[in-house]
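Participant: This one is run_1.txt, compact mmCIF, N, CA and C atoms.
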```
# COMPACT_ATOMS: atom_id res chain seq x y z
N GLN A 43 -13.30 44.77 20.75
CA GLN A 43 -12.85 43.54 20.12
C GLN A 43 -11.35 43.35 20.25
N GLU A 44 -10.63 44.43 20.08
CA GLU A 44 -9.17 44.32 20.13
C GLU A 44 -8.69 44.06 21.56
N PHE A 45 -9.21 44.81 22.52
CA PHE A 45 -8.74 44.68 23.91
C PHE A 45 -8.99 43.28 24.46
N SER A 46 -10.22 42.80 24.36
CA SER A 46 -10.53 41.51 24.98
C SER A 46 -9.76 40.37 24.32
N THR A 47 -9.56 40.44 23.03
CA THR A 47 -8.80 39.38 22.34
C THR A 47 -7.36 39.34 22.83
N ARG A 48 -6.74 40.50 22.95
CA ARG A 48 -5.37 40.55 23.46
C ARG A 48 -5.32 40.14 24.93
N ALA A 49 -6.31 40.60 25.72
CA ALA A 49 -6.33 40.28 27.15
C ALA A 49 -6.44 38.78 27.37
N TYR A 50 -7.30 38.10 26.61
CA TYR A 50 -7.42 36.64 26.74
C TYR A 50 -6.08 35.97 26.46
N PHE A 51 -5.40 36.44 25.43
CA PHE A 51 -4.13 35.84 25.05
C PHE A 51 -3.06 36.07 26.11
N LEU A 52 -2.99 37.26 26.66
CA LEU A 52 -1.94 37.61 27.60
C LEU A 52 -2.20 37.14 29.03
N SER A 53 -3.42 36.71 29.31
CA SER A 53 -3.74 36.28 30.67
C SER A 53 -3.07 34.94 30.98
N HIS A 54 -2.77 34.75 32.23
CA HIS A 54 -2.16 33.48 32.67
C HIS A 54 -3.23 32.46 33.04
N ARG A 55 -4.37 32.97 33.50
CA ARG A 55 -5.50 32.11 33.87
C ARG A 55 -6.79 32.83 33.55
N ILE A 56 -7.78 32.06 33.17
CA ILE A 56 -9.12 32.58 32.96
C ILE A 56 -10.07 31.67 33.72
N ALA A 57 -10.96 32.26 34.46
CA ALA A 57 -11.92 31.48 35.24
C ALA A 57 -13.33 31.78 34.76
N TYR A 58 -14.19 30.83 34.97
CA TYR A 58 -15.60 30.99 34.61
C TYR A 58 -16.42 31.00 35.89
N SER A 59 -17.38 31.91 35.95
CA SER A 59 -18.29 31.96 37.08
C SER A 59 -19.71 32.04 36.54
N ALA A 60 -20.60 31.26 37.12
CA ALA A 60 -22.00 31.29 36.69
C ALA A 60 -22.76 32.46 37.31
N LEU A 61 -22.11 33.19 38.21
CA LEU A 61 -22.77 34.33 38.84
C LEU A 61 -22.94 35.47 37.84
N PRO A 62 -24.11 36.07 37.80
CA PRO A 62 -24.30 37.22 36.90
C PRO A 62 -23.63 38.47 37.48
N VAL A 63 -22.48 38.82 36.97
CA VAL A 63 -21.75 39.97 37.50
C VAL A 63 -21.72 41.15 36.51
N TYR A 64 -22.28 40.95 35.34
CA TYR A 64 -22.29 42.01 34.34
C TYR A 64 -23.67 42.03 33.68
N ASN A 65 -24.24 43.18 33.55
CA ASN A 65 -25.56 43.30 32.95
C ASN A 65 -25.55 44.52 32.03
N TYR A 66 -26.14 44.38 30.89
CA TYR A 66 -26.24 45.51 29.99
C TYR A 66 -27.58 45.47 29.26
N LEU A 67 -27.97 46.63 28.80
CA LEU A 67 -29.24 46.78 28.10
C LEU A 67 -28.98 46.85 26.60
N GLN A 68 -29.65 46.01 25.85
CA GLN A 68 -29.59 46.10 24.40
C GLN A 68 -30.81 46.88 23.94
N ARG A 69 -30.55 48.02 23.33
CA ARG A 69 -31.67 48.82 22.86
C ARG A 69 -31.49 49.12 21.37
N LYS A 70 -32.60 49.34 20.73
CA LYS A 70 -32.57 49.67 19.31
C LYS A 70 -31.82 50.99 19.12
N GLY A 71 -30.94 51.03 18.15
CA GLY A 71 -30.19 52.24 17.86
C GLY A 71 -28.93 52.42 18.68
N SER A 72 -28.57 51.43 19.51
CA SER A 72 -27.36 51.56 20.31
C SER A 72 -26.13 51.44 19.42
N ILE A 73 -25.00 51.91 19.93
CA ILE A 73 -23.75 51.85 19.16
C ILE A 73 -23.36 50.42 18.84
N MET A 74 -23.66 49.49 19.75
CA MET A 74 -23.32 48.09 19.52
C MET A 74 -24.14 47.48 18.38
N LYS A 75 -25.35 47.97 18.19
CA LYS A 75 -26.22 47.43 17.15
C LYS A 75 -26.18 48.26 15.87
N SER A 76 -25.50 49.40 15.91
CA SER A 76 -25.52 50.29 14.75
C SER A 76 -24.67 49.74 13.61
N VAL A 77 -25.00 50.16 12.43
CA VAL A 77 -24.25 49.81 11.23
C VAL A 77 -23.92 51.11 10.53
N ASN A 78 -22.63 51.39 10.39
CA ASN A 78 -22.22 52.61 9.68
C ASN A 78 -20.83 52.41 9.09
N PRO A 79 -20.48 53.24 8.11
CA PRO A 79 -19.18 53.06 7.45
C PRO A 79 -18.00 53.20 8.40
N LYS A 80 -18.07 54.09 9.40
CA LYS A 80 -16.96 54.26 10.34
C LYS A 80 -16.72 52.98 11.14
N LYS A 81 -17.80 52.38 11.61
CA LYS A 81 -17.66 51.14 12.38
C LYS A 81 -17.05 50.04 11.51
N THR A 82 -17.45 50.01 10.25
CA THR A 82 -16.90 49.03 9.32
C THR A 82 -15.40 49.24 9.15
N GLY A 83 -14.99 50.48 8.94
CA GLY A 83 -13.57 50.80 8.80
C GLY A 83 -12.79 50.46 10.06
N ASP A 84 -13.40 50.71 11.23
CA ASP A 84 -12.75 50.39 12.50
C ASP A 84 -12.52 48.89 12.64
N MET A 85 -13.48 48.08 12.17
CA MET A 85 -13.32 46.62 12.23
C MET A 85 -12.14 46.17 11.36
N ILE A 86 -11.98 46.82 10.22
CA ILE A 86 -10.87 46.49 9.32
C ILE A 86 -9.54 46.86 10.00
N ILE A 87 -9.50 48.03 10.64
CA ILE A 87 -8.28 48.48 11.33
C ILE A 87 -7.93 47.53 12.47
N VAL A 88 -8.92 47.16 13.28
CA VAL A 88 -8.68 46.24 14.40
C VAL A 88 -8.20 44.89 13.88
N SER A 89 -8.77 44.42 12.78
CA SER A 89 -8.33 43.15 12.19
C SER A 89 -6.84 43.21 11.83
N GLY A 90 -6.42 44.32 11.24
CA GLY A 90 -5.01 44.50 10.89
C GLY A 90 -4.11 44.54 12.11
N LYS A 91 -4.56 45.20 13.18
CA LYS A 91 -3.76 45.27 14.41
C LYS A 91 -3.65 43.89 15.07
N LEU A 92 -4.74 43.14 15.07
CA LEU A 92 -4.69 41.79 15.62
C LEU A 92 -3.77 40.90 14.80
N TRP A 93 -3.78 41.09 13.49
CA TRP A 93 -2.88 40.33 12.60
C TRP A 93 -1.43 40.58 12.99
N ASP A 94 -1.06 41.86 13.14
CA ASP A 94 0.31 42.21 13.51
C ASP A 94 0.67 41.61 14.88
N PHE A 95 -0.26 41.71 15.83
CA PHE A 95 -0.04 41.17 17.17
C PHE A 95 0.16 39.66 17.10
N ALA A 96 -0.67 38.98 16.32
CA ALA A 96 -0.56 37.52 16.20
C ALA A 96 0.78 37.11 15.61
N LEU A 97 1.22 37.80 14.58
CA LEU A 97 2.50 37.45 13.95
C LEU A 97 3.67 37.67 14.90
N SER A 98 3.56 38.69 15.77
CA SER A 98 4.65 38.99 16.70
C SER A 98 4.65 38.12 17.94
N ASN A 99 3.50 37.56 18.30
CA ASN A 99 3.38 36.90 19.60
C ASN A 99 3.01 35.43 19.56
N THR A 100 2.81 34.88 18.38
CA THR A 100 2.45 33.46 18.29
C THR A 100 3.30 32.77 17.24
N LEU A 101 3.40 31.47 17.37
CA LEU A 101 4.12 30.67 16.39
C LEU A 101 3.15 30.20 15.32
N GLU A 102 3.66 30.00 14.12
CA GLU A 102 2.84 29.57 12.99
C GLU A 102 2.22 28.20 13.26
N ASN A 103 0.99 28.01 12.82
CA ASN A 103 0.25 26.75 12.94
C ASN A 103 0.07 26.27 14.37
N THR A 104 -0.08 27.20 15.29
CA THR A 104 -0.38 26.84 16.68
C THR A 104 -1.82 27.23 17.00
N ARG A 105 -2.33 26.64 18.05
CA ARG A 105 -3.70 26.94 18.47
C ARG A 105 -3.85 28.44 18.76
N GLU A 106 -2.83 29.03 19.36
CA GLU A 106 -2.88 30.45 19.68
C GLU A 106 -2.99 31.31 18.42
N ARG A 107 -2.21 30.94 17.39
CA ARG A 107 -2.26 31.70 16.13
C ARG A 107 -3.65 31.57 15.52
N PHE A 108 -4.21 30.35 15.53
CA PHE A 108 -5.54 30.16 14.96
C PHE A 108 -6.60 30.93 15.74
N PHE A 109 -6.42 31.08 17.04
CA PHE A 109 -7.33 31.89 17.85
C PHE A 109 -7.42 33.30 17.27
N PHE A 110 -6.28 33.90 16.97
CA PHE A 110 -6.27 35.24 16.40
C PHE A 110 -6.81 35.26 14.97
N LEU A 111 -6.39 34.30 14.17
CA LEU A 111 -6.85 34.26 12.78
C LEU A 111 -8.37 34.12 12.71
N ASN A 112 -8.94 33.32 13.60
CA ASN A 112 -10.39 33.14 13.61
C ASN A 112 -11.10 34.40 14.07
N LYS A 113 -10.53 35.11 15.02
CA LYS A 113 -11.12 36.38 15.47
C LYS A 113 -11.06 37.40 14.35
N ILE A 114 -9.94 37.46 13.64
CA ILE A 114 -9.79 38.37 12.51
C ILE A 114 -10.82 38.03 11.43
N SER A 115 -10.97 36.76 11.13
CA SER A 115 -11.94 36.34 10.11
C SER A 115 -13.35 36.73 10.52
N PHE A 116 -13.69 36.54 11.79
CA PHE A 116 -15.01 36.91 12.28
C PHE A 116 -15.23 38.42 12.14
N LEU A 117 -14.26 39.22 12.57
CA LEU A 117 -14.40 40.68 12.47
C LEU A 117 -14.56 41.12 11.02
N TYR A 118 -13.75 40.53 10.14
CA TYR A 118 -13.82 40.91 8.73
C TYR A 118 -15.17 40.51 8.14
N SER A 119 -15.68 39.35 8.49
CA SER A 119 -17.00 38.95 7.96
C SER A 119 -18.09 39.88 8.48
N GLN A 120 -17.96 40.37 9.72
CA GLN A 120 -18.92 41.32 10.26
C GLN A 120 -18.80 42.67 9.54
N ALA A 121 -17.59 43.07 9.20
CA ALA A 121 -17.39 44.30 8.44
C ALA A 121 -18.07 44.18 7.07
N LEU A 122 -17.92 43.02 6.43
CA LEU A 122 -18.57 42.81 5.13
C LEU A 122 -20.09 42.80 5.27
N ARG A 123 -20.59 42.26 6.37
CA ARG A 123 -22.04 42.29 6.63
C ARG A 123 -22.51 43.74 6.72
N ASN A 124 -21.74 44.57 7.43
CA ASN A 124 -22.08 45.99 7.53
C ASN A 124 -22.05 46.66 6.15
N MET A 125 -21.08 46.26 5.33
CA MET A 125 -21.00 46.83 3.98
C MET A 125 -22.23 46.46 3.16
N ALA A 126 -22.75 45.27 3.39
CA ALA A 126 -23.95 44.86 2.67
C ALA A 126 -25.13 45.76 3.03
N ILE A 127 -25.13 46.28 4.25
CA ILE A 127 -26.23 47.14 4.70
C ILE A 127 -26.00 48.60 4.31
N CYS A 128 -24.79 49.11 4.55
CA CYS A 128 -24.58 50.55 4.36
C CYS A 128 -23.77 50.89 3.12
N GLY A 129 -23.44 49.93 2.30
CA GLY A 129 -22.73 50.20 1.05
C GLY A 129 -21.35 49.58 1.04
N PHE A 130 -21.04 48.93 -0.04
CA PHE A 130 -19.77 48.22 -0.19
C PHE A 130 -18.66 49.22 -0.49
N LYS A 131 -17.58 49.11 0.24
CA LYS A 131 -16.38 49.90 -0.03
C LYS A 131 -15.24 48.90 -0.14
N GLU A 132 -14.55 48.93 -1.25
CA GLU A 132 -13.46 47.97 -1.46
C GLU A 132 -12.25 48.38 -0.64
N TYR A 133 -11.78 47.46 0.17
CA TYR A 133 -10.54 47.63 0.91
C TYR A 133 -9.53 46.71 0.25
N LYS A 134 -8.49 47.29 -0.31
CA LYS A 134 -7.52 46.50 -1.07
C LYS A 134 -6.28 46.20 -0.24
N ASN A 135 -5.63 45.12 -0.60
CA ASN A 135 -4.33 44.74 -0.03
C ASN A 135 -4.37 44.59 1.50
N LEU A 136 -5.38 43.94 2.00
CA LEU A 136 -5.45 43.69 3.44
C LEU A 136 -4.52 42.53 3.77
N LYS A 137 -3.65 42.73 4.74
CA LYS A 137 -2.60 41.76 5.04
C LYS A 137 -3.11 40.44 5.57
N PHE A 138 -4.33 40.42 6.11
CA PHE A 138 -4.85 39.19 6.69
C PHE A 138 -5.68 38.37 5.70
N LEU A 139 -5.75 38.81 4.44
CA LEU A 139 -6.45 38.04 3.42
C LEU A 139 -5.46 37.19 2.64
N PRO A 140 -5.81 36.02 2.21
CA PRO A 140 -7.10 35.34 2.39
C PRO A 140 -7.30 34.89 3.83
N LEU A 141 -8.55 34.77 4.22
CA LEU A 141 -8.89 34.34 5.57
C LEU A 141 -8.44 32.90 5.79
N SER A 142 -8.04 32.63 7.02
CA SER A 142 -7.57 31.29 7.38
C SER A 142 -8.73 30.31 7.48
N ILE A 143 -8.58 29.15 6.89
CA ILE A 143 -9.54 28.05 7.02
C ILE A 143 -8.82 26.97 7.83
N ASN A 144 -9.31 26.67 9.02
CA ASN A 144 -8.62 25.72 9.89
C ASN A 144 -9.61 24.87 10.66
N ASN A 145 -9.11 23.90 11.39
CA ASN A 145 -9.96 22.93 12.09
C ASN A 145 -10.67 23.49 13.31
N TYR A 146 -10.37 24.71 13.71
CA TYR A 146 -11.03 25.31 14.87
C TYR A 146 -12.30 26.06 14.47
N LEU A 147 -12.65 26.02 13.22
CA LEU A 147 -13.86 26.69 12.71
C LEU A 147 -15.00 25.70 12.56
N SER A 148 -16.21 26.22 12.67
CA SER A 148 -17.38 25.39 12.39
C SER A 148 -17.51 25.23 10.88
N LEU A 149 -18.32 24.29 10.44
CA LEU A 149 -18.55 24.09 9.01
C LEU A 149 -19.11 25.36 8.37
N LYS A 150 -20.05 26.00 9.05
CA LYS A 150 -20.65 27.24 8.54
C LYS A 150 -19.58 28.31 8.35
N GLU A 151 -18.68 28.47 9.34
CA GLU A 151 -17.61 29.46 9.22
C GLU A 151 -16.66 29.11 8.08
N LYS A 152 -16.32 27.84 7.95
CA LYS A 152 -15.44 27.43 6.86
C LYS A 152 -16.03 27.78 5.50
N LEU A 153 -17.32 27.49 5.32
CA LEU A 153 -17.97 27.80 4.05
C LEU A 153 -18.04 29.31 3.81
N GLN A 154 -18.39 30.03 4.85
CA GLN A 154 -18.49 31.49 4.76
C GLN A 154 -17.14 32.10 4.39
N TYR A 155 -16.07 31.68 5.05
CA TYR A 155 -14.75 32.26 4.79
C TYR A 155 -14.20 31.82 3.44
N ARG A 156 -14.56 30.61 3.01
CA ARG A 156 -14.16 30.18 1.65
C ARG A 156 -14.81 31.07 0.59
N LEU A 157 -16.07 31.41 0.81
CA LEU A 157 -16.76 32.29 -0.15
C LEU A 157 -16.12 33.68 -0.14
N ILE A 158 -15.78 34.18 1.03
CA ILE A 158 -15.11 35.48 1.11
C ILE A 158 -13.78 35.42 0.36
N ASN A 159 -13.02 34.35 0.56
CA ASN A 159 -11.74 34.21 -0.13
C ASN A 159 -11.92 34.08 -1.63
N PHE A 160 -13.00 33.44 -2.05
CA PHE A 160 -13.26 33.25 -3.48
C PHE A 160 -13.64 34.57 -4.15
N ASN A 161 -14.61 35.29 -3.56
CA ASN A 161 -15.07 36.52 -4.18
C ASN A 161 -15.79 37.38 -3.15
N ILE A 162 -15.14 38.43 -2.70
CA ILE A 162 -15.70 39.30 -1.66
C ILE A 162 -16.98 39.97 -2.13
N ARG A 163 -16.99 40.45 -3.36
CA ARG A 163 -18.19 41.12 -3.88
C ARG A 163 -19.39 40.17 -3.93
N LEU A 164 -19.15 38.92 -4.31
CA LEU A 164 -20.22 37.93 -4.34
C LEU A 164 -20.74 37.68 -2.92
N TYR A 165 -19.84 37.59 -1.95
CA TYR A 165 -20.24 37.39 -0.56
C TYR A 165 -21.14 38.54 -0.09
N VAL A 166 -20.73 39.78 -0.37
CA VAL A 166 -21.52 40.95 0.05
C VAL A 166 -22.88 40.95 -0.65
N LEU A 167 -22.91 40.58 -1.92
CA LEU A 167 -24.18 40.51 -2.65
C LEU A 167 -25.11 39.46 -2.02
N ILE A 168 -24.57 38.31 -1.69
CA ILE A 168 -25.38 37.26 -1.04
C ILE A 168 -25.90 37.75 0.31
N LYS A 169 -25.06 38.46 1.06
CA LYS A 169 -25.49 39.02 2.36
C LYS A 169 -26.62 40.02 2.15
N LYS A 170 -26.51 40.87 1.12
CA LYS A 170 -27.57 41.85 0.82
C LYS A 170 -28.88 41.14 0.53
N ILE A 171 -28.82 40.12 -0.28
CA ILE A 171 -30.02 39.36 -0.63
C ILE A 171 -30.61 38.70 0.60
N ALA A 172 -29.77 38.09 1.42
CA ALA A 172 -30.23 37.43 2.65
C ALA A 172 -30.88 38.44 3.60
N LEU A 173 -30.28 39.62 3.74
CA LEU A 173 -30.85 40.65 4.62
C LEU A 173 -32.19 41.15 4.06
N PHE A 174 -32.27 41.30 2.74
CA PHE A 174 -33.51 41.73 2.11
C PHE A 174 -34.61 40.70 2.34
N LEU A 175 -34.27 39.43 2.15
CA LEU A 175 -35.27 38.37 2.33
C LEU A 175 -35.69 38.23 3.80
N SER A 176 -34.77 38.45 4.74
CA SER A 176 -35.12 38.34 6.15
C SER A 176 -36.00 39.50 6.60
N HIS A 177 -35.88 40.67 5.96
CA HIS A 177 -36.73 41.80 6.29
C HIS A 177 -38.12 41.67 5.65
N ASP A 178 -38.17 40.84 4.60
CA ASP A 178 -39.42 40.65 3.86
C ASP A 178 -40.42 39.80 4.64
N LYS A 179 -39.96 39.03 5.60
CA LYS A 179 -40.83 38.09 6.32
C LYS A 179 -41.74 38.80 7.28
```
Would you write out, as structure tokens, the structure that this file holds?
Facilitator:
Amino acid sequence: QEFSTRAYFLSHRIAYSALPVYNYLQRKGSIMKSVNPKKTGDMIIVSGKLWDFALSNTLENTRERFFFLNKISFLYSQALRNMAICGFKEYKNLKFLPLSINNYLSLKEKLQYRLINFNIRLYVLIKKIALFLSHDK
């Protein structure tokens, strides 16, 4: 997450190709699909590093800054999702909180990040309930 975000920002050009040049296998139990406290902590650390990078390399209220803030918000929301599964651990005084609410977010993301800003514990509880109900089907 950290490398590709920085690489996109530092690149001079990015091109898109419809050719399939990368293939990977998604399997049950893979590291990408796993949920554990270490992965959650790593997401928090990467969010903090991206925050520092954004403050050093972008101007306030620019599209570039929002690119980083939105990536940080996404990573943090994923960390909270993991906490809902493997146990909530309070991380205090995170420099990137409250999460940025800006025009580059979807309505769903805006609502989700507003709830996180309002009450993190409530957000994690709602995620737990949603995960429980989705497994019940």
Participant: Please, which residues of range 121-175 of chain A, numbered as in this document, come out alpha helix (DSSP H) from DSSP, as a PyMOL selection string?
Facilitator: chain A and resi 121-128+149-160+162-175
Participant: Between atom N of Ile86 in chain A and CA of Tyr118 in chain A, what is the spacing in Å?
Facilitator: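 It comes out at 6.4 Å.
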Participant: Figure out the distance between CA of Leu117 in chain A and CA of Leu97 in chain A, please, to one decimal in Å.
Facilitator: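 Taking CA of Leu97 in chain A as the start and CA of Leu117 in chain A as the end point, the length is 17.3 Å.
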Participant: Rounded to one decimal place, report the atom N of Ser148 in chain A-atom N of Asn112 in chain A distance in Å.
Facilitator: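 Interatomic distance here is 10.2 Å.
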Participant: I'd like to know which of A:Asn65, A:Phe138, A:Glu151, A:Glu106 is closest to Asp94 in chain A, using all atoms listed in the file.
Facilitator: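 Result for the nearest residue to Asp94 in chain A: A:Phe138.
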Participant: Using only C-alpha atoms, which protein or nucleic acid residues come within 10 Å of Leu111 in chain A? Drop anything in the same chain fewer than 5 positions from it, and give the result as a VMD selection string.
Facilitator: chain A and resid 89 92 to 93 96 to 97 105 to 106 116 to 117 138 141 to 144
Participant: Give me range 49-61 of chain A with N, CA, C and O atoms filled in, as a PDB file, keeping the file's coordinate frame.
Facilitator:
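Once everything was written out, this is part23.pdb:
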```
ATOM      1  N   ALA A  49      -6.310  40.600  25.720  1.00  0.00           N
ATOM      2  CA  ALA A  49      -6.330  40.280  27.150  1.00  0.00           C
ATOM      3  C   ALA A  49      -6.440  38.780  27.370  1.00  0.00           C
ATOM      4  O   ALA A  49      -5.758  38.223  28.235  1.00  0.00           O
ATOM      5  N   TYR A  50      -7.300  38.100  26.610  1.00  0.00           N
ATOM      6  CA  TYR A  50      -7.420  36.640  26.740  1.00  0.00           C
ATOM      7  C   TYR A  50      -6.080  35.970  26.460  1.00  0.00           C
ATOM      8  O   TYR A  50      -5.661  35.056  27.149  1.00  0.00           O
ATOM      9  N   PHE A  51      -5.400  36.440  25.430  1.00  0.00           N
ATOM     10  CA  PHE A  51      -4.130  35.840  25.050  1.00  0.00           C
ATOM     11  C   PHE A  51      -3.060  36.070  26.110  1.00  0.00           C
ATOM     12  O   PHE A  51      -2.291  35.166  26.441  1.00  0.00           O
ATOM     13  N   LEU A  52      -2.990  37.260  26.660  1.00  0.00           N
ATOM     14  CA  LEU A  52      -1.940  37.610  27.600  1.00  0.00           C
ATOM     15  C   LEU A  52      -2.200  37.140  29.030  1.00  0.00           C
ATOM     16  O   LEU A  52      -1.293  37.165  29.864  1.00  0.00           O
ATOM     17  N   SER A  53      -3.420  36.710  29.310  1.00  0.00           N
ATOM     18  CA  SER A  53      -3.740  36.280  30.670  1.00  0.00           C
ATOM     19  C   SER A  53      -3.070  34.940  30.980  1.00  0.00           C
ATOM     20  O   SER A  53      -2.822  34.123  30.095  1.00  0.00           O
ATOM     21  N   HIS A  54      -2.770  34.750  32.230  1.00  0.00           N
ATOM     22  CA  HIS A  54      -2.160  33.480  32.670  1.00  0.00           C
ATOM     23  C   HIS A  54      -3.230  32.460  33.040  1.00  0.00           C
ATOM     24  O   HIS A  54      -3.024  31.271  32.944  1.00  0.00           O
ATOM     25  N   ARG A  55      -4.370  32.970  33.500  1.00  0.00           N
ATOM     26  CA  ARG A  55      -5.500  32.110  33.870  1.00  0.00           C
ATOM     27  C   ARG A  55      -6.790  32.830  33.550  1.00  0.00           C
ATOM     28  O   ARG A  55      -6.895  34.041  33.693  1.00  0.00           O
ATOM     29  N   ILE A  56      -7.780  32.060  33.170  1.00  0.00           N
ATOM     30  CA  ILE A  56      -9.120  32.580  32.960  1.00  0.00           C
ATOM     31  C   ILE A  56     -10.070  31.670  33.720  1.00  0.00           C
ATOM     32  O   ILE A  56      -9.961  30.449  33.640  1.00  0.00           O
ATOM     33  N   ALA A  57     -10.960  32.260  34.460  1.00  0.00           N
ATOM     34  CA  ALA A  57     -11.920  31.480  35.240  1.00  0.00           C
ATOM     35  C   ALA A  57     -13.330  31.780  34.760  1.00  0.00           C
ATOM     36  O   ALA A  57     -13.606  32.856  34.222  1.00  0.00           O
ATOM     37  N   TYR A  58     -14.190  30.830  34.970  1.00  0.00           N
ATOM     38  CA  TYR A  58     -15.600  30.990  34.610  1.00  0.00           C
ATOM     39  C   TYR A  58     -16.420  31.000  35.890  1.00  0.00           C
ATOM     40  O   TYR A  58     -16.185  30.219  36.809  1.00  0.00           O
ATOM     41  N   SER A  59     -17.380  31.910  35.950  1.00  0.00           N
ATOM     42  CA  SER A  59     -18.290  31.960  37.080  1.00  0.00           C
ATOM     43  C   SER A  59     -19.710  32.040  36.540  1.00  0.00           C
ATOM     44  O   SER A  59     -19.983  32.810  35.609  1.00  0.00           O
ATOM     45  N   ALA A  60     -20.600  31.260  37.120  1.00  0.00           N
ATOM     46  CA  ALA A  60     -22.000  31.290  36.690  1.00  0.00           C
ATOM     47  C   ALA A  60     -22.760  32.460  37.310  1.00  0.00           C
ATOM     48  O   ALA A  60     -23.906  32.714  36.963  1.00  0.00           O
ATOM     49  N   LEU A  61     -22.110  33.190  38.210  1.00  0.00           N
ATOM     50  CA  LEU A  61     -22.770  34.330  38.840  1.00  0.00           C
ATOM     51  C   LEU A  61     -22.940  35.470  37.840  1.00  0.00           C
ATOM     52  O   LEU A  61     -22.002  35.810  37.117  1.00  0.00           O
TER      53      LEU A  61
END
```
